[in-house]
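A.B. asks: For reference, this is upload38.txt, and it has compact mmCIF, C-alpha atoms.
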# COMPACT_ATOMS: atom_id res chain seq x y z
CA MET N 1 65.76 -29.94 -19.75
CA LYS N 2 66.26 -26.55 -21.33
CA LYS N 3 62.70 -26.65 -22.72
CA ARG N 4 61.29 -27.38 -19.26
CA LEU N 5 63.25 -24.54 -17.73
CA GLY N 6 62.01 -22.19 -20.43
CA LEU N 7 58.36 -23.06 -19.76
CA ALA N 8 58.84 -22.58 -16.06
CA ALA N 9 60.37 -19.17 -16.62
CA ILE N 10 57.46 -18.11 -18.82
CA PHE N 11 54.92 -19.28 -16.24
CA THR N 12 56.73 -17.41 -13.44
CA ALA N 13 56.88 -14.23 -15.54
CA ALA N 14 53.15 -14.44 -16.28
CA VAL N 15 52.31 -14.73 -12.58
CA LEU N 16 54.50 -11.75 -11.75
CA ALA N 17 52.92 -9.69 -14.53
CA PHE N 18 49.41 -10.47 -13.28
CA THR N 19 50.39 -9.46 -9.74
CA ALA N 20 51.95 -6.23 -10.98
CA CYS N 21 48.72 -5.33 -12.81
CA GLY N 22 46.74 -5.31 -9.59
CA GLY N 23 45.62 -8.90 -9.16
CA GLN N 24 43.82 -9.26 -5.81
CA THR N 25 44.81 -11.60 -3.04
CA ALA N 26 42.14 -13.84 -1.52
CA GLU N 27 41.82 -11.42 1.38
CA GLU N 28 41.35 -8.42 -0.92
CA ALA N 29 38.79 -9.95 -3.29
CA PRO N 30 35.06 -9.71 -2.47
CA GLU N 31 33.80 -12.91 -0.91
CA ALA N 32 31.87 -15.21 -3.20
CA ALA N 33 28.35 -16.16 -2.21
CA ASP N 34 27.58 -19.90 -1.98
CA GLY N 35 30.84 -20.83 -3.63
CA GLY N 36 30.02 -18.83 -6.76
CA GLU N 37 32.13 -16.17 -8.42
CA ALA N 38 32.88 -13.04 -6.45
CA VAL N 39 30.57 -10.12 -7.29
CA GLU N 40 32.24 -6.75 -7.79
CA GLU N 41 31.08 -4.21 -5.22
CA GLN N 42 29.43 -1.03 -6.50
CA SER N 43 31.52 1.92 -5.37
CA GLU N 44 29.87 4.82 -7.22
CA ASN N 45 26.67 6.54 -6.17
CA VAL N 46 23.68 6.82 -8.48
CA THR N 47 22.98 10.33 -9.82
CA LEU N 48 19.38 11.50 -9.65
CA LYS N 49 18.55 14.66 -11.63
CA VAL N 50 15.50 16.60 -10.46
CA GLY N 51 14.25 19.70 -12.29
CA ALA N 52 12.84 22.53 -10.19
CA THR N 53 12.20 26.25 -9.98
CA ALA N 54 14.43 28.10 -7.55
CA VAL N 55 12.14 29.01 -4.64
CA PRO N 56 11.02 27.08 -2.72
CA HIS N 57 11.42 23.86 -4.72
CA ALA N 58 15.18 23.87 -5.31
CA GLU N 59 15.76 25.06 -1.74
CA ILE N 60 13.73 22.14 -0.37
CA LEU N 61 15.54 19.67 -2.62
CA ASN N 62 18.94 20.98 -1.54
CA GLU N 63 17.89 20.36 2.05
CA VAL N 64 17.74 16.58 1.45
CA LYS N 65 21.00 16.19 -0.50
CA ASP N 66 22.96 14.83 2.46
CA ASP N 67 20.23 12.36 3.42
CA LEU N 68 20.15 10.97 -0.11
CA ALA N 69 23.94 10.83 -0.30
CA ALA N 70 23.82 8.54 2.73
CA GLU N 71 21.48 6.32 0.67
CA GLY N 72 23.92 6.18 -2.22
CA ILE N 73 22.20 8.86 -4.32
CA ASP N 74 23.86 12.01 -5.61
CA LEU N 75 20.99 14.46 -5.99
CA GLU N 76 21.56 16.96 -8.81
CA VAL N 77 19.09 19.83 -8.63
CA VAL N 78 18.59 21.30 -12.11
CA GLU N 79 17.12 24.80 -11.78
CA PHE N 80 14.88 26.22 -14.51
CA SER N 81 13.89 29.87 -14.82
CA ASP N 82 11.22 28.97 -17.40
CA TYR N 83 8.89 26.47 -15.76
CA THR N 84 7.19 25.61 -19.07
CA LEU N 85 10.32 23.65 -20.04
CA ILE N 86 10.53 21.37 -17.02
CA ASN N 87 7.94 18.76 -18.02
CA LYS N 88 9.41 18.65 -21.53
CA ALA N 89 12.84 17.97 -20.04
CA LEU N 90 11.34 15.10 -18.03
CA VAL N 91 9.63 13.60 -21.06
CA GLU N 92 12.86 13.79 -23.07
CA GLY N 93 14.89 12.10 -20.33
CA GLU N 94 17.08 15.10 -19.52
CA ILE N 95 16.00 14.80 -15.87
CA ASP N 96 14.67 11.90 -13.78
CA ALA N 97 11.93 13.76 -11.90
CA ASN N 98 10.63 17.26 -11.36
CA PHE N 99 9.29 19.29 -8.49
CA PHE N 100 7.68 22.59 -9.41
CA GLN N 101 4.00 22.12 -10.32
CA HIS N 102 0.58 21.27 -8.97
CA GLN N 103 -1.67 18.47 -10.20
CA PRO N 104 -3.99 20.64 -12.36
CA TYR N 105 -0.95 21.97 -14.26
CA LEU N 106 0.37 18.45 -14.82
CA ASP N 107 -3.07 17.27 -15.94
CA GLU N 108 -3.25 20.10 -18.47
CA PHE N 109 0.23 19.28 -19.81
CA ILE N 110 -0.66 15.60 -20.19
CA GLU N 111 -3.89 16.44 -21.99
CA GLU N 112 -2.11 18.74 -24.45
CA SER N 113 1.02 16.66 -25.05
CA GLY N 114 -0.02 13.06 -24.43
CA ALA N 115 2.98 12.68 -22.12
CA ASP N 116 3.06 9.66 -19.82
CA LEU N 117 3.86 11.43 -16.55
CA VAL N 118 2.51 10.76 -13.07
CA SER N 119 2.62 12.29 -9.62
CA VAL N 120 4.34 10.23 -6.92
CA ALA N 121 3.92 12.57 -3.94
CA GLY N 122 2.37 15.81 -2.75
CA ILE N 123 4.80 17.97 -0.77
CA HIS N 124 3.44 21.46 -0.05
CA ILE N 125 0.99 24.15 -1.03
CA GLU N 126 1.82 27.71 -2.02
CA PRO N 127 -1.21 29.98 -1.67
CA MET N 128 -1.56 32.39 -4.62
CA GLY N 129 -1.83 36.06 -3.66
CA ILE N 130 -2.86 39.45 -5.02
CA TYR N 131 -0.10 42.10 -4.90
CA SER N 132 0.15 45.81 -5.67
CA GLU N 133 2.65 48.67 -5.53
CA THR N 134 -0.01 51.37 -5.70
CA ILE N 135 -3.00 50.34 -3.56
CA LYS N 136 -3.40 48.72 -0.16
CA SER N 137 -6.97 47.44 -0.51
CA LEU N 138 -9.06 46.02 -3.33
CA ASP N 139 -11.63 48.71 -2.48
CA GLU N 140 -9.22 51.23 -4.04
CA LEU N 141 -9.50 49.67 -7.52
CA LYS N 142 -10.84 52.04 -10.15
CA ASP N 143 -12.68 51.59 -13.43
CA GLY N 144 -10.36 50.23 -16.13
CA ASP N 145 -7.44 49.33 -13.84
CA LYS N 146 -4.96 46.77 -15.14
CA VAL N 147 -4.76 43.30 -13.54
CA GLY N 148 -1.77 41.03 -14.17
CA ILE N 149 -2.48 37.28 -14.29
CA PRO N 150 -0.45 34.21 -15.38
CA ASN N 151 -0.97 33.20 -19.00
CA ASP N 152 -0.76 29.40 -18.63
CA ALA N 153 -4.08 27.58 -18.57
CA THR N 154 -4.25 26.27 -15.02
CA ASN N 155 -2.64 29.19 -13.19
CA GLU N 156 -4.72 31.68 -15.17
CA GLY N 157 -7.92 29.92 -14.16
CA ARG N 158 -6.66 29.74 -10.59
CA ALA N 159 -5.98 33.50 -10.56
CA LEU N 160 -9.44 34.26 -11.92
CA LEU N 161 -11.04 32.08 -9.26
CA LEU N 162 -9.18 34.07 -6.61
CA LEU N 163 -10.39 37.36 -8.13
CA GLN N 164 -13.92 35.95 -8.20
CA SER N 165 -13.67 34.99 -4.52
CA GLN N 166 -12.87 38.65 -3.79
CA GLY N 167 -16.03 39.82 -5.58
CA LEU N 168 -14.19 41.50 -8.47
CA ILE N 169 -15.54 39.33 -11.31
CA THR N 170 -17.99 36.52 -11.98
CA LEU N 171 -17.04 33.56 -14.14
CA ALA N 172 -19.28 31.49 -16.40
CA ASP N 173 -18.43 28.45 -14.28
CA GLU N 174 -17.85 29.33 -10.65
CA GLU N 175 -15.58 26.31 -10.07
CA ALA N 176 -13.83 25.31 -13.33
CA LEU N 177 -10.05 25.50 -13.04
CA THR N 178 -9.06 26.34 -16.61
CA GLN N 179 -11.05 29.45 -17.46
CA THR N 180 -9.73 32.57 -19.19
CA PRO N 181 -10.82 36.23 -19.29
CA ASN N 182 -13.16 35.20 -22.11
CA ASP N 183 -15.17 33.30 -19.48
CA ILE N 184 -15.83 36.39 -17.36
CA VAL N 185 -19.54 37.23 -17.40
CA GLU N 186 -19.47 40.12 -14.93
CA ASN N 187 -16.70 42.72 -14.67
CA ASN N 188 -18.29 45.78 -13.07
CA LEU N 189 -15.03 47.73 -12.90
CA ASN N 190 -14.12 46.95 -16.51
CA LEU N 191 -10.79 45.62 -15.32
CA GLU N 192 -8.21 45.13 -18.07
CA PHE N 193 -6.44 41.78 -17.84
CA VAL N 194 -2.75 41.60 -18.74
CA GLU N 195 -1.73 38.00 -19.40
CA LEU N 196 1.97 37.32 -18.78
CA ALA N 197 4.26 34.39 -18.04
CA ALA N 198 3.95 33.73 -14.31
CA GLU N 199 7.62 34.44 -13.60
CA GLN N 200 7.32 37.92 -15.18
CA LEU N 201 4.53 39.14 -12.90
CA PRO N 202 6.73 40.29 -9.96
CA ARG N 203 9.00 42.20 -12.37
CA THR N 204 6.07 43.98 -14.02
CA LEU N 205 4.13 44.80 -10.87
CA SER N 206 4.70 48.53 -11.39
CA GLU N 207 2.91 48.29 -14.75
CA THR N 208 -0.35 46.98 -13.28
CA THR N 209 -2.61 48.10 -10.46
CA ILE N 210 -2.74 44.58 -9.04
CA SER N 211 -1.25 41.26 -10.09
CA VAL N 212 -2.06 37.71 -9.05
CA ILE N 213 1.24 35.95 -8.39
CA ASN N 214 2.26 32.41 -7.48
CA THR N 215 4.04 32.26 -4.14
CA ASN N 216 7.27 30.81 -5.53
CA TYR N 217 7.66 33.69 -7.98
CA ALA N 218 6.61 36.22 -5.35
CA LEU N 219 9.38 34.94 -3.07
CA GLU N 220 11.92 35.03 -5.91
CA GLY N 221 10.87 38.62 -6.61
CA GLY N 222 11.47 39.72 -3.02
CA LEU N 223 7.78 39.84 -2.09
CA SER N 224 6.43 38.47 1.18
CA PRO N 225 3.10 36.63 0.86
CA SER N 226 2.37 37.24 4.52
CA ASP N 227 3.24 40.97 4.47
CA ASP N 228 2.67 42.20 0.92
CA THR N 229 -0.54 40.54 -0.26
CA ILE N 230 -3.85 42.36 -0.46
CA ALA N 231 -5.67 39.03 -0.59
CA MET N 232 -4.66 35.38 -0.62
CA GLU N 233 -6.06 31.98 -1.55
CA SER N 234 -7.75 30.05 1.21
CA GLY N 235 -6.01 27.09 2.80
CA ASP N 236 -8.29 24.51 1.16
CA SER N 237 -6.80 25.10 -2.30
CA PRO N 238 -6.43 21.95 -4.46
CA TYR N 239 -3.10 23.16 -5.83
CA VAL N 240 -0.68 20.92 -3.92
CA ASN N 241 2.85 20.94 -5.36
CA ILE N 242 3.94 17.48 -6.43
CA VAL N 243 6.91 15.36 -7.48
CA ALA N 244 6.36 14.04 -11.00
CA VAL N 245 8.14 11.28 -12.92
CA ARG N 246 7.75 9.25 -16.09
CA SER N 247 5.21 6.51 -15.37
CA GLU N 248 7.82 3.82 -15.99
CA ASP N 249 9.77 5.20 -13.00
CA ALA N 250 6.84 5.45 -10.59
CA ASP N 251 8.07 2.43 -8.62
CA ASN N 252 11.78 3.18 -9.00
CA GLU N 253 13.68 2.58 -5.77
CA ASN N 254 15.66 5.83 -6.03
CA ILE N 255 12.49 7.85 -6.62
CA ALA N 256 10.99 6.22 -3.53
CA LYS N 257 14.02 7.33 -1.51
CA LEU N 258 13.62 10.87 -2.86
CA VAL N 259 9.97 10.94 -1.78
CA GLU N 260 10.84 9.52 1.62
CA ALA N 261 13.43 12.25 2.13
CA LEU N 262 11.08 15.02 1.00
CA THR N 263 8.30 13.89 3.34
CA SER N 264 10.45 13.54 6.45
CA ASP N 265 9.91 15.31 9.76
CA GLU N 266 13.09 17.28 9.09
CA VAL N 267 11.72 18.69 5.83
CA ARG N 268 8.39 19.53 7.45
CA THR N 269 10.26 21.53 10.09
CA PHE N 270 12.44 23.19 7.43
CA ILE N 271 9.44 24.31 5.36
CA THR N 272 7.55 25.57 8.41
CA GLU N 273 10.49 27.54 9.80
CA GLN N 274 11.99 28.73 6.51
CA TYR N 275 8.81 30.11 4.97
CA SER N 276 6.78 31.16 8.04
CA GLY N 277 3.47 29.81 6.76
CA GLU N 278 3.91 31.16 3.22
CA VAL N 279 4.65 27.60 2.05
CA VAL N 280 2.70 24.91 3.89
CA PRO N 281 3.68 21.20 4.06
CA VAL N 282 0.83 18.78 3.30
CA PHE N 283 2.37 15.50 4.54
Is it possible to express this structure as C-alpha cells?
C.D. replies:
Amino acid sequence: MKKRLGLAAIFTAAVLAFTACGGQTAEEAPEAADGGEAVEEQSENVTLKVGATAVPHAEILNEVKDDLAAEGIDLEVVEFSDYTLINKALVEGEIDANFFQHQPYLDEFIEESGADLVSVAGIHIEPMGIYSETIKSLDELKDGDKVGIPNDATNEGRALLLLQSQGLITLADEEALTQTPNDIVENNLNLEFVELAAEQLPRTLSETTISVINTNYALEGGLSPSDDTIAMESGDSPYVNIVAVRSEDADNENIAKLVEALTSDEVRTFITEQYSGEVVPVF
C-alpha cells in the first residue's frame, strides 16, 4: 500500500510541475489539423534587408514599411553612401535585395564579377542632368573648360551620351552605353574631363565648369533637377531603376510582396508628389 501511495504522489507531482512550466490547456493549444499534432503558430515577422542609396531609393522604401509590416515583413533599409558596395553586399548575403541601380549598371557588374543577380522589377527613372555654379547655358562654355563625369562604366557612358546629345562632343559609337573619354572623336572645345565617383560630383561642382550628375546624388547634394540643370536627359532613357536580388530568390514570396508594395498606386502618388517630376515612376 505504501508503494502505491508513493507512485501516486510522484505522478501527481509530475503533473503539477508540467502545469507550472507553462503546459497549455486544450483551449490554449493551437488546434490540430485532421487529427494530427498541433502546429506551433509563427509569431515573429520575417526581416527583409534591402540595400539602397539615400535619395530617392531609401525614401521610397521607407514609404512601404507599414504595408509590408501588415504582411508579416519587417523591412530593414540598409543605406549605403558608396553605391559600388551594394551589389557586393547582395552577392555576399549581407542583404536580401537592393534598390539603387539601373539595368545597364547591373549588366556591367554581372559581366565583370560573374555574379548571379537578376532584376525583379523596374520602379522609376531619374533623368541625368548637367549642372554648373558658374554658367547658365552650355553656350557659355570656353575652350579647355573642365567637365565632371561619373567614373563607373555605365554612368560615364551615359553622361557622355548626354553631352553628345547637346552637341558638345561626338563619340565613336553614337549609341553604345559604356564608352569613355577615349572614345571621343570630336571635342571642338577641347573640354577636359574629370572622372570622379558619382556621389562626389555635387560636392566638387565648384571645381568644374559643368558636371553631369545622377539625379539621386543631385538631390542629396541639395540640387534641384528641375531648377538647377542646364540640360537634362530625355524621357525615353533606358536607365530605369530596378530592384535586384540573387537569382535563387527571384521567386521568393517576400520579394514578391516587396515588389507589389513598391509598384502600388500609393507609391506612384508618393513619387509623383514628393519629387515633382524629377523622379518618374515607370509602373
A.B. asks: How far is it from CA of Asp265 in chain N to CA of Glu278 in chain N, in Å with one decimal?
C.D. replies: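 Result for CA of Asp265 in chain N versus CA of Glu278 in chain N: 18.2 Å, one decimal.
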A.B. asks: In Å, how far is it from CA of Ile95 in chain N to CA of Asn214 in chain N?
C.D. replies: 23.9 Å
A.B. asks: Under the rule of at most 8 Å, produce a per-residue listing of range 202-255 of chain N near range 141-154 of chain N: chain, number, name, the closest pair of atoms, and the distance in Å, as CSV, using only C-alpha atoms.
C.D. replies:
residue,atom,partner,partner_atom,distance
N:Leu205,CA,N:Gly148,CA,7.7
N:Thr208,CA,N:Lys146,CA,5.0
N:Thr209,CA,N:Lys146,CA,5.4
N:Ile210,CA,N:Val147,CA,5.1
N:Ser211,CA,N:Gly148,CA,4.1
N:Val212,CA,N:Ile149,CA,5.3
N:Ile213,CA,N:Ile149,CA,7.1
A.B. asks: Which residue, N:Asn241, N:Gln274, N:Ser119, N:Gln166, has the smallest gap to Asp139 in chain N when you use only C-alpha atoms?
C.D. replies: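 Closest to Asp139 in chain N of all the choices is N:Gln166.
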A.B. asks: Quick one: everything within 10 Å of Leu75 in chain N, counting all atoms listed in the file, minus sequence neighbours fewer than 3 positions away in the same chain. Send it as a PyMOL selection string.
C.D. replies: chain N and resi 45-50+61-62+64-69+72+78+258
A.B. asks: Let me see the file: selected residues, C-alpha atoms, as a short mmCIF file (atom, residue, chain, number, x, y, z; two decimals), in the frame of the given file.
C.D. replies:
data_model
loop_
_atom_site.label_atom_id
_atom_site.label_comp_id
_atom_site.auth_asym_id
_atom_site.auth_seq_id
_atom_site.Cartn_x
_atom_site.Cartn_y
_atom_site.Cartn_z
CA ASN N 45 26.67 6.54 -6.17
CA VAL N 46 23.68 6.82 -8.48
CA THR N 47 22.98 10.33 -9.82
CA LEU N 48 19.38 11.50 -9.65
CA LYS N 49 18.55 14.66 -11.63
CA VAL N 50 15.50 16.60 -10.46
CA LEU N 61 15.54 19.67 -2.62
CA ASN N 62 18.94 20.98 -1.54
CA VAL N 64 17.74 16.58 1.45
CA LYS N 65 21.00 16.19 -0.50
CA ASP N 66 22.96 14.83 2.46
CA ASP N 67 20.23 12.36 3.42
CA LEU N 68 20.15 10.97 -0.11
CA ALA N 69 23.94 10.83 -0.30
CA GLY N 72 23.92 6.18 -2.22
CA VAL N 78 18.59 21.30 -12.11
CA LEU N 258 13.62 10.87 -2.86
#
